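Novice: Got a structure for you, written out below as structure tokens; questions coming shortly.
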Amino acid sequence: MLGIHDYGLFIASGVLLALAPGQDTMYIIGRSLTGGLRSGVASALGINVGCIIHTLMAAAGLSILLASSPAAFTAVKLCGAAYLVFLGGRLLLAKRGTAAGPELDTAPARWCLIPAAGAARLRGFFARNPRARGGIDRATGGLFILMGARLAWSR
């Protein structure tokens, strides 16, 4: 029989995955804390545009190309790892500014705006407490470097 089986489970899984915090949430919170709501919203939208591009590229067959070419897969993997290490290094060196990453599905896009707005409201606290902000930068930077290293050495 043709049709969609367990569609409710698929939707529930998608929503839970969209709500689970990850490196994208950390990036949005970091940008909101340093640049305010506008930076956080721009980061959220950028991340979600990247998700759409990723989905379209997978649908166009890029996943098949990467699965069939170890060299292409390794090149893409190492570029992603280098980018995460770059972002983490910027945070560990307390370099402020734009760490832009062009990366829209609607549910995740809406969810990403919540941490952006929440962190933007905390911006004043962190402006008055630079030690707390430095701690967040170090934790986020270290996390990005660890994720980049893990990605670089994954198979």
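Labels used: A, B, ... for chains in the order of the structure tokens, numbers from 1 for residues in each chain, and numbers from 1 for ligands as shown.
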Write down as a ChimeraX atom specification the residues belonging to segment 48-142 of chain A that are assigned alpha helix (DSSP H) by DSSP computed on the backbone.
Specialist: /A:48-59,62-68,70-92,106-128,130-142
Novice: Could you list, with a cut-off of 12 Å and counting only C-alpha atoms, the residues of segment 10-35 of chain A near segment 87-92 of chain A, each shown with its nearest atom pair and the distance in Å rounded to one decimal, rows sorted by chain and ascending number, as a Markdown table?
Specialist:
| residue | atom | partner | partner_atom | distance |
| --- | --- | --- | --- | --- |
| A:Gln23 | CA | A:Gly88 | CA | 10.7 |
| A:Asp24 | CA | A:Leu87 | CA | 11.8 |
| A:Met26 | CA | A:Gly88 | CA | 11.1 |
| A:Tyr27 | CA | A:Leu87 | CA | 9.1 |
| A:Gly30 | CA | A:Leu91 | CA | 9.2 |
| A:Arg31 | CA | A:Leu91 | CA | 10.7 |
| A:Thr34 | CA | A:Leu91 | CA | 11.1 |
Novice: What lies within 12 Å of Ile114 of chain A using only C-alpha atoms, ignoring chain neighbours under 5 positions off, as a list in words?
Specialist: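 Using only C-alpha atoms, the neighbours found are Leu19, Pro21, Thr25, Ile28, Ile29, Ser32, Leu37, Gly40, Val41, Ala44, Ala107, Pro108, Ala109, Ala119, Ala120 and Arg121 of chain A.
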Novice: Residues at most 9 Å from Ala149 of chain A, counting only C-alpha atoms, excluding those fewer than 2 positions away in the same chain, as a JSON list (two decimals) with all heavy atoms, in the first residue's frame?
Specialist:
[["chain", "number", "residue", "atom", "x", "y", "z"],
["A", 81, "ALA", "N", 34.83, 21.65, 9.25],
["A", 81, "ALA", "CA", 35.61, 21.58, 10.49],
["A", 81, "ALA", "C", 36.45, 22.83, 10.67],
["A", 81, "ALA", "O", 36.52, 23.40, 11.77],
["A", 81, "ALA", "CB", 36.50, 20.33, 10.48],
["A", 82, "ALA", "N", 37.09, 23.28, 9.60],
["A", 82, "ALA", "CA", 37.92, 24.48, 9.68],
["A", 82, "ALA", "C", 37.07, 25.70, 10.03],
["A", 82, "ALA", "O", 37.51, 26.56, 10.82],
["A", 82, "ALA", "CB", 38.65, 24.71, 8.35],
["A", 84, "LEU", "N", 34.26, 25.75, 11.83],
["A", 84, "LEU", "CA", 33.91, 25.69, 13.25],
["A", 84, "LEU", "C", 35.10, 26.06, 14.13],
["A", 84, "LEU", "O", 34.94, 26.80, 15.11],
["A", 84, "LEU", "CB", 33.43, 24.28, 13.61],
["A", 84, "LEU", "CG", 32.04, 23.90, 13.11],
["A", 84, "LEU", "CD1", 31.79, 22.41, 13.33],
["A", 84, "LEU", "CD2", 30.97, 24.73, 13.79],
["A", 85, "VAL", "N", 36.28, 25.60, 13.78],
["A", 85, "VAL", "CA", 37.48, 25.95, 14.55],
["A", 85, "VAL", "C", 37.75, 27.45, 14.43],
["A", 85, "VAL", "O", 38.10, 28.11, 15.42],
["A", 85, "VAL", "CB", 38.69, 25.12, 14.09],
["A", 85, "VAL", "CG1", 39.99, 25.63, 14.69],
["A", 85, "VAL", "CG2", 38.48, 23.65, 14.46],
["A", 144, "PHE", "N", 32.88, 24.99, 19.89],
["A", 144, "PHE", "CA", 33.03, 25.01, 18.44],
["A", 144, "PHE", "C", 34.32, 24.32, 18.01],
["A", 144, "PHE", "O", 34.35, 23.58, 17.03],
["A", 144, "PHE", "CB", 33.01, 26.44, 17.91],
["A", 144, "PHE", "CG", 31.63, 27.03, 17.79],
["A", 144, "PHE", "CD1", 31.46, 28.34, 17.40],
["A", 144, "PHE", "CD2", 30.49, 26.30, 18.08],
["A", 144, "PHE", "CE1", 30.21, 28.90, 17.28],
["A", 144, "PHE", "CE2", 29.23, 26.85, 17.97],
["A", 144, "PHE", "CZ", 29.09, 28.16, 17.56],
["A", 145, "ILE", "N", 35.41, 24.56, 18.72],
["A", 145, "ILE", "CA", 36.68, 23.91, 18.37],
["A", 145, "ILE", "C", 36.57, 22.41, 18.54],
["A", 145, "ILE", "O", 37.02, 21.64, 17.68],
["A", 145, "ILE", "CB", 37.83, 24.51, 19.19],
["A", 145, "ILE", "CG1", 38.10, 25.95, 18.71],
["A", 145, "ILE", "CG2", 39.09, 23.65, 19.08],
["A", 145, "ILE", "CD1", 39.10, 26.70, 19.54],
["A", 146, "LEU", "N", 35.96, 21.95, 19.63],
["A", 146, "LEU", "CA", 35.77, 20.51, 19.83],
["A", 146, "LEU", "C", 34.91, 19.90, 18.72],
["A", 146, "LEU", "O", 35.20, 18.81, 18.22],
["A", 146, "LEU", "CB", 35.14, 20.24, 21.19],
["A", 146, "LEU", "CG", 36.07, 20.42, 22.39],
["A", 146, "LEU", "CD1", 35.28, 20.28, 23.69],
["A", 146, "LEU", "CD2", 37.21, 19.43, 22.34],
["A", 147, "MET", "N", 33.84, 20.60, 18.33],
["A", 147, "MET", "CA", 32.98, 20.08, 17.26],
["A", 147, "MET", "C", 33.73, 20.05, 15.94],
["A", 147, "MET", "O", 33.59, 19.11, 15.16],
["A", 147, "MET", "CB", 31.71, 20.92, 17.15],
["A", 147, "MET", "CG", 30.75, 20.70, 18.28],
["A", 147, "MET", "SD", 29.15, 21.53, 18.09],
["A", 147, "MET", "CE", 29.60, 23.22, 17.84],
["A", 151, "LEU", "N", 34.50, 16.70, 13.88],
["A", 151, "LEU", "CA", 34.10, 16.59, 12.49],
["A", 151, "LEU", "C", 35.30, 16.23, 11.62],
["A", 151, "LEU", "O", 35.20, 15.38, 10.74],
["A", 151, "LEU", "CB", 33.47, 17.90, 12.01],
["A", 151, "LEU", "CG", 33.05, 17.99, 10.56],
["A", 151, "LEU", "CD1", 31.99, 16.93, 10.25],
["A", 151, "LEU", "CD2", 32.53, 19.38, 10.24],
["A", 152, "ALA", "N", 36.44, 16.86, 11.86],
["A", 152, "ALA", "CA", 37.63, 16.59, 11.04],
["A", 152, "ALA", "C", 38.07, 15.13, 11.16],
["A", 152, "ALA", "O", 38.53, 14.55, 10.18],
["A", 152, "ALA", "CB", 38.76, 17.52, 11.45],
["A", 153, "TRP", "N", 37.94, 14.53, 12.33],
["A", 153, "TRP", "CA", 38.41, 13.16, 12.53],
["A", 153, "TRP", "C", 37.31, 12.12, 12.38],
["A", 153, "TRP", "O", 37.56, 10.94, 12.58],
["A", 153, "TRP", "CB", 39.11, 13.02, 13.89],
["A", 153, "TRP", "CG", 40.50, 13.52, 13.80],
["A", 153, "TRP", "CD1", 41.57, 12.87, 13.26],
["A", 153, "TRP", "CD2", 40.99, 14.78, 14.22],
["A", 153, "TRP", "NE1", 42.68, 13.66, 13.34],
["A", 153, "TRP", "CE2", 42.36, 14.83, 13.91],
["A", 153, "TRP", "CE3", 40.40, 15.89, 14.82],
["A", 153, "TRP", "CZ2", 43.15, 15.93, 14.19],
["A", 153, "TRP", "CZ3", 41.19, 16.99, 15.10],
["A", 153, "TRP", "CH2", 42.54, 17.00, 14.78],
["A", 154, "SER", "N", 36.10, 12.55, 12.04],
["A", 154, "SER", "CA", 35.02, 11.57, 11.86],
["A", 154, "SER", "C", 35.17, 10.89, 10.51],
["A", 154, "SER", "O", 35.81, 11.38, 9.60],
["A", 154, "SER", "CB", 33.66, 12.24, 11.97],
["A", 154, "SER", "OG", 33.44, 13.09, 10.87]]
Novice: Between A:Phe10, A:Leu78, A:Leu33, A:Leu17, which one has atoms that come closest to Ala127 of chain A, using only C-alpha atoms?
Specialist: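 Smallest distance to Ala127 of chain A is found for A:Leu33.
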